[in-house]
Each structure stands twice: as structure tokens, then as C-alpha cells.
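One file, model.txt, is given below (compact mmCIF, C-alpha atoms and all ligand atoms).
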```txt
# COMPACT_ATOMS: atom_id res chain seq x y z
CA MET A 1 96.07 123.46 159.13
CA LYS A 2 97.70 120.57 157.29
CA ASN A 3 96.07 121.24 153.94
CA GLN A 4 95.69 124.83 153.09
CA ASN A 5 93.01 125.47 150.49
CA PHE A 6 93.35 127.72 147.50
CA TYR A 7 90.53 129.47 145.74
CA CYS A 8 90.10 129.05 141.98
CA SER A 9 88.70 132.16 140.41
CA LYS A 10 87.42 130.17 137.41
CA CYS A 11 85.36 127.38 138.90
CA GLN A 12 85.08 129.19 142.22
CA GLN A 13 86.07 126.19 144.25
CA ASN A 14 88.71 125.56 146.88
CA VAL A 15 91.43 123.10 146.01
CA ARG A 16 94.57 121.84 147.71
CA GLY A 17 97.99 123.30 147.00
CA ASN A 18 99.14 120.51 144.70
CA GLU A 19 96.03 120.97 142.56
CA TYR A 20 96.54 124.68 142.22
CA TYR A 21 98.35 126.70 139.58
CA HIS A 22 99.73 129.41 141.81
CA GLN A 23 100.99 131.76 139.11
CA GLY A 24 97.59 131.93 137.42
CA GLY A 25 95.42 131.88 140.53
CA ILE A 26 93.33 129.01 139.15
CA CYS A 27 93.17 125.27 139.71
CA ASN A 28 95.07 122.82 137.54
CA LYS A 29 91.89 121.38 136.03
CA CYS A 30 90.74 124.80 134.87
CA ARG A 31 94.21 125.53 133.60
CA SER A 32 94.36 122.47 131.37
CA ARG A 33 90.79 122.99 130.16
CA ILE A 34 91.58 126.58 129.18
CA SER A 35 94.75 125.57 127.41
CA LYS A 36 92.92 122.82 125.51
CA GLU A 37 90.24 125.29 124.45
CA LYS A 38 92.93 127.65 123.26
CA VAL A 39 94.57 124.95 121.15
CA ASP A 40 91.20 123.85 119.75
CA ASN A 41 90.87 127.36 118.35
CA TYR A 42 94.21 127.19 116.58
CA THR A 43 93.90 126.72 112.85
CA GLY A 44 96.11 126.81 109.76
CA ILE A 45 99.70 127.91 110.22
CA GLN A 46 99.20 128.67 113.91
CA LEU A 47 98.09 125.10 114.55
CA ALA A 48 100.94 123.70 112.45
CA GLU A 49 103.49 125.73 114.36
CA TYR A 50 101.99 124.76 117.71
CA LEU A 51 102.07 121.05 116.81
CA LEU A 52 105.67 121.31 115.63
CA HIS A 53 106.71 123.05 118.83
CA LYS A 54 105.09 120.31 120.92
CA SER A 55 106.81 117.65 118.84
CA CYS A 56 110.18 119.33 119.28
CA ILE A 57 109.67 119.49 123.04
CA ARG A 58 108.89 115.78 123.08
CA ALA A 59 111.82 114.86 120.85
CA LEU A 60 114.24 116.69 123.15
CA GLU A 61 112.68 115.05 126.19
CA ARG A 62 113.12 111.61 124.68
CA VAL A 63 116.76 112.29 123.91
CA LYS A 64 117.55 113.84 127.30
CA ARG A 65 115.87 111.25 129.45
CA LYS A 66 118.11 108.25 129.51
CA TRP A 67 115.48 105.72 130.49
CA TYR A 68 113.89 105.32 127.06
CA LYS A 69 115.64 102.22 125.78
CA THR A 70 114.81 102.81 122.13
CA TYR A 71 116.35 106.30 122.31
CA GLN A 72 119.62 105.32 123.90
CA GLY A 73 122.49 106.91 122.04
CA VAL A 74 120.17 109.07 119.92
CA LYS A 75 121.55 112.58 119.58
CA CYS A 76 119.78 115.81 118.77
CA GLN A 77 121.48 118.67 116.98
CA TRP A 78 119.38 121.21 118.88
CA LYS A 79 119.43 122.16 122.56
CA LYS A 80 116.16 124.09 122.69
CA PRO A 81 112.77 123.17 121.23
CA VAL A 82 112.30 126.72 119.94
CA GLU A 83 115.51 126.56 117.92
CA MET A 84 114.63 123.16 116.55
CA LYS A 85 111.20 124.41 115.52
CA LYS A 86 112.67 127.50 113.88
CA ASP A 87 115.14 125.51 111.80
CA LEU A 88 112.51 123.01 110.71
CA MET A 89 110.21 125.88 109.70
CA ASN A 90 113.04 127.32 107.63
CA ASN A 91 113.44 124.02 105.82
CA LYS A 92 110.97 124.76 103.06
CA LEU A 93 110.20 121.19 102.05
CA PHE A 94 109.88 119.97 105.60
CA TRP A 95 107.67 122.87 106.65
CA GLU A 96 105.42 122.51 103.60
CA ALA A 97 105.00 118.81 104.30
CA TRP A 98 104.28 119.58 107.95
CA ILE A 99 101.62 122.17 107.08
CA LYS A 100 100.05 119.77 104.62
CA GLN A 101 99.76 117.04 107.25
CA SER A 102 98.58 119.56 109.84
CA ASN A 103 95.76 120.59 107.47
CA VAL A 104 94.78 116.96 107.05
CA TYR A 105 94.71 116.65 110.83
CA GLU A 106 92.69 119.84 111.24
CA ASN A 107 90.14 118.81 108.65
CA ASN A 108 89.65 115.31 110.01
CA GLU A 109 88.46 115.84 113.57
CA ARG A 110 92.05 116.21 114.80
CA LYS A 111 92.48 112.50 115.18
CA LEU A 112 95.76 111.57 116.80
CA SER A 113 96.52 108.99 114.11
CA ILE A 114 96.82 111.71 111.49
CA ARG A 115 98.61 114.32 113.55
CA PRO A 116 101.92 115.26 111.90
CA SER A 117 104.90 113.85 113.73
CA LEU A 118 108.66 114.04 113.55
CA ASP A 119 110.24 110.99 112.08
CA ARG A 120 113.87 109.97 111.93
CA ILE A 121 114.30 108.59 108.41
CA GLU A 122 117.04 106.32 109.67
CA SER A 123 116.06 105.15 113.14
CA ASN A 124 119.02 102.89 113.82
CA VAL A 125 121.44 104.70 116.13
CA GLY A 126 124.32 102.67 114.73
CA ASN A 127 123.60 104.18 111.30
CA GLU A 128 123.48 107.79 112.50
CA GLY A 129 119.78 107.63 113.29
CA HIS A 130 119.80 110.93 115.13
CA TYR A 131 117.60 114.00 115.25
CA TYR A 132 119.68 115.74 112.64
CA MET A 133 118.11 117.96 110.01
CA GLU A 134 119.11 115.64 107.17
CA ASN A 135 117.51 112.72 108.96
CA MET A 136 114.12 114.28 109.61
CA GLN A 137 110.85 113.89 107.81
CA VAL A 138 107.17 114.40 108.45
CA LEU A 139 104.97 111.43 109.05
CA SER A 140 101.44 111.16 110.25
CA PHE A 141 101.41 109.81 113.79
CA GLY A 142 99.87 106.50 112.79
CA ASP A 143 102.39 105.86 110.03
CA ASN A 144 105.64 105.72 111.89
CA SER A 145 106.74 103.01 109.57
CA ILE A 146 106.55 103.29 105.80
CA LYS A 147 107.05 99.58 105.62
CA ALA A 148 103.91 99.03 107.64
CA SER A 149 101.86 100.00 104.63
CA ALA A 150 103.25 96.95 102.82
CA ILE A 151 102.00 97.84 99.36
CA LYS A 152 104.44 96.63 96.79
CA CYS A 153 105.33 99.59 94.61
CA LYS A 154 107.91 100.61 92.12
CA VAL A 155 109.33 104.10 92.44
CA PHE A 156 110.73 105.85 89.40
CA PHE A 157 113.16 108.61 90.32
CA ILE A 158 113.30 111.30 87.68
CA LYS A 159 115.83 114.06 87.25
CA ASN A 160 116.25 116.37 84.31
CA MET A 161 113.34 114.57 82.67
CA ARG A 162 115.10 111.23 82.72
CA ILE A 163 114.59 108.19 84.88
CA VAL A 164 117.69 107.91 87.01
CA ARG A 165 116.65 105.07 89.28
CA VAL A 166 113.94 102.49 89.65
CA THR A 167 113.53 101.09 93.12
CA ASP A 168 111.07 99.28 95.32
CA PHE A 169 108.97 101.36 97.65
CA ASP A 170 110.63 99.79 100.70
CA ALA A 171 113.88 101.31 99.57
CA ILE A 172 112.57 104.75 98.68
CA GLN A 173 113.99 106.23 101.88
CA ASP A 174 117.43 104.85 101.13
CA VAL A 175 117.41 106.37 97.68
CA MET A 176 116.17 109.74 98.96
CA LYS A 177 118.96 109.70 101.47
CA GLU A 178 121.50 108.86 98.82
CA PHE A 179 120.15 111.66 96.61
CA LYS A 180 120.06 113.94 99.68
CA VAL A 181 116.37 114.68 99.31
CA ILE A 182 115.29 115.72 102.79
CA GLY A 183 112.17 116.55 104.64
CA TYR A 184 109.65 115.06 102.26
CA ASN A 185 106.95 112.77 103.47
CA THR A 186 106.70 109.99 100.92
CA LYS A 187 103.34 109.03 102.41
CA GLN A 188 101.91 112.07 100.69
CA ILE A 189 102.99 110.95 97.27
CA ASN A 190 100.14 109.44 95.34
CA ARG A 191 100.59 106.14 93.63
CA ASP A 192 99.00 104.88 90.45
CA THR A 193 97.88 108.35 89.44
CA GLY A 194 100.43 108.45 86.64
CA GLU A 195 101.51 111.80 87.96
CA ILE A 196 105.13 112.87 88.23
CA GLN A 197 105.49 114.43 91.66
CA TYR A 198 108.26 116.75 92.72
CA ILE A 199 110.02 115.76 95.93
CA GLY A 200 112.73 118.40 96.04
CA ASP A 201 116.38 118.88 95.25
CA GLY A 202 115.72 118.43 91.56
CA TYR A 203 114.10 115.03 91.90
CA SER A 204 110.62 113.89 91.04
CA VAL A 205 109.04 110.52 91.48
CA LEU A 206 106.37 108.45 89.88
CA ILE A 207 105.01 105.60 91.97
CA GLN A 208 103.04 102.69 90.66
CA SER A 209 102.02 99.56 92.49
CA ILE A 210 103.02 96.21 91.12
CA ASP A 211 100.10 94.58 89.30
CA GLY A 212 98.29 97.89 89.65
CA GLU A 213 96.82 100.02 86.92
CA LEU A 214 96.52 103.68 86.10
CA ASN A 215 93.78 105.40 88.07
CA GLN A 216 92.33 107.74 85.51
CA LYS A 217 90.78 110.88 86.85
CA ASP A 218 87.99 112.76 85.22
CA ASN A 219 89.97 115.78 84.25
CA ASP A 220 88.75 118.35 81.80
CA LYS A 221 92.15 118.55 80.26
CA PRO A 222 94.74 115.81 79.79
CA ARG A 223 97.87 116.29 81.84
CA TYR A 224 100.50 114.92 79.52
CA ARG A 225 101.18 114.69 75.85
CA GLY A 226 102.99 111.61 74.65
CA VAL A 227 105.15 111.86 71.57
CA TYR A 228 106.55 108.92 69.62
CA GLN A 229 109.17 109.86 67.13
CA ARG A 230 109.92 107.54 64.27
CA GLN A 231 112.77 108.00 61.87
CA LYS A 232 113.43 106.22 58.64
CA PHE A 233 116.99 105.66 57.49
CA MET A 234 118.50 104.11 54.45
CA VAL A 235 121.83 102.53 55.07
CA ASP A 236 124.43 102.15 52.37
CA LEU A 237 125.41 98.52 52.71
CA ASP A 238 128.88 99.10 51.33
CA THR A 239 129.93 102.16 53.36
CA GLY A 240 127.55 101.88 56.32
CA GLU A 241 126.53 105.51 55.74
CA GLU A 242 123.03 106.39 56.98
CA PHE A 243 120.58 108.60 55.09
CA LEU A 244 117.68 110.05 57.02
CA ILE A 245 114.74 110.04 54.67
CA GLY A 246 111.84 110.73 56.94
CA VAL A 247 110.62 111.70 60.44
CA TRP A 248 107.16 111.00 61.80
CA GLN A 249 105.59 111.89 65.06
CA ASP A 250 102.71 110.13 66.70
CA ILE A 251 101.10 112.21 69.41
CA PHE A 252 98.67 111.10 72.05
CA GLU A 253 97.32 112.78 75.15
CA SER A 254 97.03 111.21 78.53
CA ASP A 255 95.99 111.80 82.11
CA GLY A 256 98.90 109.89 83.46
CA ILE A 257 102.04 107.96 82.77
CA TRP A 258 102.33 104.24 83.16
CA PHE A 259 105.43 102.18 82.66
CA ASN A 260 105.47 98.57 81.66
CA GLU A 261 108.43 96.41 82.60
CA SER A 262 109.57 96.45 78.98
CA GLN A 263 109.64 100.27 78.87
CA VAL A 264 112.11 100.71 81.66
CA SER A 265 115.62 99.47 81.41
CA LYS A 266 117.15 99.47 84.83
CA PRO A 267 119.92 102.06 84.94
ZN ZN B 301 89.07 125.76 138.81
```
Since I need it in another form, could you write the structure as C-alpha cells?
Amino acid sequence: MKNQNFYCSKCQQNVRGNEYYHQGGICNKCRSRISKEKVDNYTGIQLAEYLLHKSCIRALERVKRKWYKTYQGVKCQWKKPVEMKKDLMNNKLFWEAWIKQSNVYENNERKLSIRPSLDRIESNVGNEGHYYMENMQVLSFGDNSIKASAIKCKVFFIKNMRIVRVTDFDAIQDVMKEFKVIGYNTKQINRDTGEIQYIGDGYSVLIQSIDGELNQKDNDKPRYRGVYQRQKFMVDLDTGEEFLIGVWQDIFESDGIWFNESQVSKP
């Protein structure tokens, strides 16, 4: 007999050898259906870990197979997907961002466009655009380019409660790289909420769109308290000596922070 048939214990049909999963004693169709059903039941952390593992497998495949033109010269610091996954899970900021995106995916019909994916922050091989830990971040599958969003925004980088840099949104990745902030998905940072959001390594950001305005939320409690301090001095015109004769504070409460051009001097 040229084509020997194999019996699938699941669908109880006979299939040819190349359609049969010999180790499991079932046909390939049943095998992939069962594995899909299994994945559909994954939720929470289990789903996040599964998705990350898959992504690591694919990343290593892309690097190993030489025929992907866009991946020529791209290196990967890991040899095995399991090791890559483990290290990424141990990177607290990366793993938190991954779980967050995985939850979004889980709660929105598991659409491919919002599946978390591995992104090389710098994708140009000439500029060290490799799969190295410091060059990895989480992006939703549909957003493989931050620039694609094309919303003109200003990003205020804050450290130790002071603004240390003001940059355009296009350049946010460059600044994060310079500050060595890794593994944070800037897509998940809200803009125009007036909220200072922590991105790791001591840095926080506030993002507001140009010509935008503060989106006030209906919170029960205000989030910030603004304090203006005014001081009154008398200056001796002969000696230049200053005498402090009064301090006043004006306090206001606010849901969010909004900078006008005049309030920010570029460091
Ligand atoms: Zn079958």
C-alpha cells in the first residue's frame, strides 16, 4: 500500500501519515484544535507567560533564519526561548507592561492587533538594534511604530520632582534610552490627563498634546495640590541687603497638571 492510513482516536477517522501526529495518536487537525482550545482557556498570568514564550520563539526564529531581509545582522542575546522568557519576566518593568497589555488583549476578544509583542526600541541594526535586554519594550501588535500614532505631544521628564527634560513625543524613545529607562511601553502612558506617570529608574513623565487641553476626570478627590509661594522683600538701596518681611501661600487643588509654554524653561 502506497498510503498507509492512521486512525485518529479523537475524530475517529483515518488519515494519511503526513496528516498524523504520531506521538499523540491523533490527526494534525485535532491536535491543533485541542491546542487552540487549551490556549483559549489560558487567562491572566498564564496567558501572559504563554504569549511571551511564543514571542520569544518567533524572535529567535527571525534572528536565526537568514532569509528575513529586515533582520539581517540582528543579534539576540539569548540562545533559547525559555531563557529569554525567564529574563524578560525577571525584568519587573517589562513584565508588568507585558501583563498589562496581555490583560487588554484578554479583555478585548483577543484581537491580534492588541496582542502584546516584543519590540526593539532601536530597530536599526547599525545602531545596535538587537534583541538585547536594554533594547526591548512591550508594544501592542498593531503599534509597532510609535511614530505611526503621529499625535504631536510634549513629554516632560521628571526626576526628583523637577523637570529634567522637555522633548517631543517622537523623541521619547531616544530620551528613555539616554536615561536608561528600559522595558516601558510608552503607548500605555496617558496623555492630557495631567497625571505624572512613573516609568521606572527614578523617572516620571507627563505628556500633553500640543494645542490640547487638560482632560478633567470626575474624581471625588483632587489629585494634586498646587502651592504658590510669594515672598516680600525690602531691599536697602545703599547696601543691597534684602529684608524678608512677609511670606504668603496661595493654595489650589487640581485633578491634573498642565504646563503652558511660559511655565517651562527648556533645561
Ligand atoms: Zn482527528
Could you list, with a cut-off of 7 Å and counting all atoms listed in the file, the residues of chain A near ligand ZN 301 (chain B), each shown with its nearest atom pair and the distance in Å rounded to one decimal, rows sorted by chain and ascending number, as JSON lines?
```
{"residue": "A:Cys8", "atom": "CA", "partner": "B:ZN301", "partner_atom": "ZN", "distance": 4.7}
{"residue": "A:Ser9", "atom": "CA", "partner": "B:ZN301", "partner_atom": "ZN", "distance": 6.6}
{"residue": "A:Lys10", "atom": "CA", "partner": "B:ZN301", "partner_atom": "ZN", "distance": 4.9}
{"residue": "A:Cys11", "atom": "CA", "partner": "B:ZN301", "partner_atom": "ZN", "distance": 4.0}
{"residue": "A:Gln12", "atom": "CA", "partner": "B:ZN301", "partner_atom": "ZN", "distance": 6.3}
{"residue": "A:Gln13", "atom": "CA", "partner": "B:ZN301", "partner_atom": "ZN", "distance": 6.2}
{"residue": "A:Ile26", "atom": "CA", "partner": "B:ZN301", "partner_atom": "ZN", "distance": 5.4}
{"residue": "A:Cys27", "atom": "CA", "partner": "B:ZN301", "partner_atom": "ZN", "distance": 4.2}
{"residue": "A:Asn28", "atom": "CA", "partner": "B:ZN301", "partner_atom": "ZN", "distance": 6.8}
{"residue": "A:Lys29", "atom": "CA", "partner": "B:ZN301", "partner_atom": "ZN", "distance": 5.9}
{"residue": "A:Cys30", "atom": "CA", "partner": "B:ZN301", "partner_atom": "ZN", "distance": 4.4}
```
Checklist entry - Which is closer to Asn260 in chain A than all the others in A:Glu213, A:Asp201, A:Asp119, A:Asp238, using all atoms listed in the file? => result A:Glu213
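Between Leu139 in chain A and the candidates A:Val227, A:Cys76, A:Leu118, A:Met234, the tightest atom-to-atom separation, counting all atoms listed in the file, involves A:Leu118.
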Using 10 Å as the limit and counting only C-alpha atoms, can you tabulate each residue of range 19-51 of chain A that touches range 93-110 of chain A, with its shortest atom-to-atom distance in Å and the two atoms involved, as JSON lines?
```
{"residue": "A:Asp40", "atom": "CA", "partner": "A:Arg110", "partner_atom": "CA", "distance": 9.1}
{"residue": "A:Tyr42", "atom": "CA", "partner": "A:Glu106", "partner_atom": "CA", "distance": 9.2}
{"residue": "A:Thr43", "atom": "CA", "partner": "A:Glu106", "partner_atom": "CA", "distance": 7.2}
{"residue": "A:Gly44", "atom": "CA", "partner": "A:Asn103", "partner_atom": "CA", "distance": 6.6}
{"residue": "A:Ile45", "atom": "CA", "partner": "A:Ile99", "partner_atom": "CA", "distance": 6.8}
{"residue": "A:Gln46", "atom": "CA", "partner": "A:Ile99", "partner_atom": "CA", "distance": 9.7}
{"residue": "A:Leu47", "atom": "CA", "partner": "A:Ser102", "partner_atom": "CA", "distance": 7.3}
{"residue": "A:Ala48", "atom": "CA", "partner": "A:Ser102", "partner_atom": "CA", "distance": 5.4}
{"residue": "A:Glu49", "atom": "CA", "partner": "A:Ile99", "partner_atom": "CA", "distance": 8.3}
{"residue": "A:Leu51", "atom": "CA", "partner": "A:Ser102", "partner_atom": "CA", "distance": 7.9}
```
Checklist entry - Got a sec: who's within 9 Å of range 57-59 of chain A, counting only C-alpha atoms, leaving out chain neighbours fewer than 5 positions off, as a list in words? => result Leu52, Lys64, Cys76, Lys80, Pro81, Val82, Met84, Leu118 and Tyr131 of chain A
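Taking CA of Ser123 in chain A and CA of Phe157 in chain A as endpoints, the distance between them is 23.3 Å.
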Next on the checklist: To one decimal place in Å, what is the distance between CA of Tyr132 in chain A and CA of Gln197 in chain A?
Outcome noted: 25.4 Å
